[in-house]
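Asks: Below are the structure tokens for one structure; questions will follow.
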Amino acid sequence: MMNTTPAEFDIIFGGGGTAACVAAGRLAAANPTLRILLIEAGEHTKNEDAHVQPGRYFGHLSPASTTLKFHVGKPSPSLAGRSLVIPTGRCVGGGSSVNFLMYARPSASDYDDWENQYNNPGWGFQHLLPLIRKTETYQLQPDQPTHGYSGPLKVSRGGHVTNIGDQFLEVAAATDHDRLHTEDAQAYYECNKYAVFNIIGRWIDGETGKRSDPAHYYIYNQEANENLVIWTGLQVKRVLFEGEKAVGLEYVQDLVLRPDADQTPKQVYASRLVVLSGGAFGSPAILERSGIGSAELLNRHDIPVKVDLPGVGKNFQDHNICFVPYQASDEAETFDALIRGDIDETTKASELWKEGKGLLAANGMDAGIKIRPVTDWDFAELGPEFEGRWNKYFANAPDKSVLWFGPASFLLGDHISAPVRKYFSMAYVNLYPVAVGSVHIASEDPHAPSDFIPAFLNDAADLVTLRWAYKKTREIARRMKYYQGEHLPIHPKFSANSEALCRGDISQPVEMDAPNLHYTEEDDKAIDEFHRQFIQTSWHSLGTCAMKPRDEEGVVDARLNVYGTTNLKLSIAPANVGSNTYSSALTIGEKAAVIIAEDLGLQLEAVGVSEISEQSLKAADSEDVVPAPSNKTKLPDDFAGLERIEGLTISSTVNDEYTSSKPAMITVK
Ligand SMILES: Cc1cc2nc3c(=O)[nH]c(=O)nc-3n(C[C@H](O)[C@H](O)[C@H](O)COP(=O)(O)OP(=O)(O)OC[C@H]3O[C@@H](n4cnc5c(N)ncnc54)[C@H](O)[C@@H]3O)c2cc1C
């Protein structure tokens with residue numbers, strides 16, 4: 001097949017990321033004669049170290065990365081005049097091929113909201129649970145009701161757990177008497193429970209130490225199927241229509257790796273269905289370039305209006321995250337040498353990875369909690385700014401957490417100016433920010449930057465949530481055994497006479513029973529200003545083609561049909577979820593496969609509504625609650641870390657095959 005030849009397929013996916021790989025992979029496996037095409041802007045990921053070795057995820061975050069696309073927001077006073085930059089995956093597998101591999105699942109009520117509040121029959125938690133289980137093989141514990149044990153993607157603790165996670169849990173057990181502990185913090189109704197003994201998952205195969213991603217385990221594994229085709233290095237420009245019916249896609253060559261590539265548009269046709277799967281930035285842009293969006297916006301860009309759908313590009317959501325760094329003593333196991341680059345250590349780690357062990361088979365985020373306020377102190381800290389949000393959103397949804405926080409065994413930031421030493425960070429994520437943004441095309445050119453308003457911190461409730469998180473996590477950090485003071489450039493600038501003043505010249509933690517720091521009003525302002533300066537994306541964009549009623553600015557219905565069209569589907573969450581978003585993207589991919597198979601009369605392994613009732617899940621949940629390990633309890637040796645390595649380097653491997661000027665099209669082989 002040649003790129004230049006107009007071709008016809010049964011189904012074409014515009015965007016070859018997480019959800020697309022899952023849906024296309026399922027449909028292809030059950031219907032091998034079905035001609036499926038995925039068109040992806042980025043390049044292949046098959047067996048590339050940069051993708052299959054989990055610990056290399058930092059490498060993708062470099063500003064020079066070609067495996068991410070960087071979306072630059074408009075400067076905002078809420079961010080102290082900064083332009084927030086939000087990257088998304090740009091390669092086969094999309095975000096799932098570059099992400100931090102954190103295994104995190106929403107609360108059950110998030111999906112129930114999709115069904116009940118946004119009127120999407122079939123999208124509630126009980127409907128989705130069988131599909132969620134179908135995706136995974138959970139290697140952490142047997143016989144857990146919400147987990148799957150025969151799916152394509154493996155979930156394990158990875159090949160190495162650092163001692164930073166242990167420290168965090170020991171301090172939490174000794175100081176936070178208001179929250180419980182559990183063996184499974186990802187069981188959907190869990191909230192306010194620390195996972196004991198670092199039992200938290202990663203999307204890593206515990207046997208091989210490899211990233212467990214849909215590109216490899218839904219698509220690249222179907223080598224024999226010549227009807228499953230991926231074209232890479234191509235930008236989908238717009239949908240082709242005959243009347244209301246979508247009949248294909250128009251595309252041009254991507255310019256990132258081939259800046260001189262010919263820009264003549266080409267067409268490819270789909271006899272049965274076109275699916276847009278470009279993620280929260282890509283899909284609304286393709287729709288708008290196709291004349292589907294707000295009529296006012298389309299008129300401004302001289303694009304003929306096909307369907308006036310004002311919801312396209314609105315409802316942009318993400319999570320706000322901060323990685324606040326602390327200095328660590330030499331005994332701490334951290335990824336800093338790996339991030340800085342050290343040839344010897346990389347070689348050592350690469351050797352260990354062959355046995356499925358070491359930092360390259362890990363992600364350095366080894367503990368954490370989904371948390372909501374319970375004490376008077378919590379509510380006082382959140383204050384009146386949060387009261388409305390609490391009453392409206394959280395009070396009657398006990399499974400919804402306000403924040404996730406946990407330690408990260410590295411400094412995520414500027415290692416060039418930071419002193420060469422070890423660090424750990426306290427990461428905290430605002431799981432349901434109030435402020436909602438938008439992303440629209442700024443021109444018809446598919447390579448042009450978008451008109452993007454992230455809207456981070458535009459609402460006071462989001463600021464106080466982060467302030468609470470900073471104080472709470474700092475109290476844990478300063479009690480951790482390896483703590484040696486704050487890394488000053490990335491902390492609030494408290495005044496010199498403040499009790500809360502950050503110190504970089506400290507050699508040991510405070511006692512477990514030391515009093516908490518007292519913050520004045522002026523200190524609170526310093527924390528808010530710090531967040532305006534340093535808050536960043538969690539890489540969890542969603543919402544911009546929402547699945548909800550058309551008259552509520554919805555873009556697709558519950559069968560994933562784009563309003564006002566036929567033969568055109570896409571799926572983007574209508575509202576935020578209380579966790580990292582990969583799990584939801586996988587679930588959406590599985591559900592999309594079911595819907596497409598039903599609508600087109602195709603084969604697919606059947607799964608029904610979950611037979612596990614909500615009551616039994618909650619009961620199973622409460623049986624899981626285990627007492628907090630006392631700070632005198634020694635954690636089992638095998639949980640304390642498998643190998644001790646001092647440092648590793650990251651260097652992205654580049655496969656000439658895909659960076660040359662060869663045609664960017666292969667049949668999956
Ligand atoms: C750096 C990073 C770290 C993350 N860490 C985690 C984590 O640890 N845990 C977790 O749960 N989640 C994490 N996520 C989020 C998770 O990976 C995403 O939620 C998920 O990948 C979204 O899936 P998707 O199918 O909607 O979009 P994507 O996976 O982003 O796929 C969209 C694809 O479409 C392509 N595309 C877009 N427009 C076009 C076009 N016009 N033409 C052709 N192709 C196009 C893109 O190149 C991309 O490959 C992270 C994401 C990133 C980016």
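Each chain in the structure tokens gets a letter, A, B, ..., in the order shown, and its residues are numbered from 1; ligands are numbered from 1 in order too.
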So which bits of range 378-503 of chain A end up alpha helix (DSSP H) when you DSSP the backbone, as a PyMOL selection string?
Replies: chain A and resi 378-389+460-477
Asks: Keeping only C-alpha atoms, write those residues as a compact mmCIF listing (two decimals), in the first residue's frame.
Replies:
# COMPACT_ATOMS: atom_id res chain seq x y z
CA ASP A 378 -9.20 20.17 57.35
CA PHE A 379 -12.44 22.12 56.99
CA ALA A 380 -11.00 25.21 58.64
CA GLU A 381 -8.08 25.16 56.21
CA LEU A 382 -10.41 24.79 53.22
CA GLY A 383 -12.47 27.65 54.60
CA PRO A 384 -15.54 29.41 53.19
CA GLU A 385 -14.11 29.42 49.64
CA PHE A 386 -14.58 25.64 49.52
CA GLU A 387 -17.90 25.41 51.33
CA GLY A 388 -20.13 25.74 48.26
CA ARG A 389 -18.09 23.21 46.33
CA ALA A 460 -10.79 30.40 44.60
CA ALA A 461 -11.94 26.90 45.67
CA ASP A 462 -9.10 25.39 43.64
CA LEU A 463 -6.51 27.59 45.37
CA VAL A 464 -7.60 26.69 48.90
CA THR A 465 -7.63 23.00 48.01
CA LEU A 466 -3.99 23.23 47.01
CA ARG A 467 -3.11 25.29 50.08
CA TRP A 468 -4.54 22.53 52.29
CA ALA A 469 -2.51 19.99 50.31
CA TYR A 470 0.76 21.92 50.66
CA LYS A 471 0.44 22.16 54.44
CA LYS A 472 -0.67 18.57 54.93
CA THR A 473 2.04 17.04 52.75
CA ARG A 474 4.76 19.24 54.22
CA GLU A 475 3.92 17.92 57.69
CA ILE A 476 4.46 14.37 56.40
CA ALA A 477 7.63 15.25 54.48
Asks: Pick out the residues sitting within 10 Å of Leu131 in chain A, and hand them over as JSON, numbers by chain; count only C-alpha atoms, and ignore anything fewer than 4 positions along from it in its own chain.
Replies: {"A": [126, 127, 135, 136, 148, 151, 586, 587, 588, 589, 590, 591, 594, 606, 607, 608, 609, 610]}
Asks: Need the shell around Thr566 in chain A: protein/DNA/RNA residues with any atom at most 9 Å away, counting only C-alpha atoms. Skip same-chain ones fewer than 2 positions apart. Format as a list in words?
Replies: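 So the residues in contact are Glu244, Lys245, Ala246, Leu273, Asn561, Val562, Tyr563, Gly564, Leu568 and Lys569 of chain A.
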Asks: How many Å lie between CA of Glu529 in chain A and CA of Gly485 in chain A, rounded to one decimal?
Replies: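 Taking CA of Glu529 in chain A and CA of Gly485 in chain A, their separation equals 20.8 Å.
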Asks: Of the candidates A:Gly159, A:Pro214, A:Gly81, A:Gly89, which one gets nearest to ligand 1 if we count only C-alpha atoms and all ligand atoms?
Replies: A:Gly89
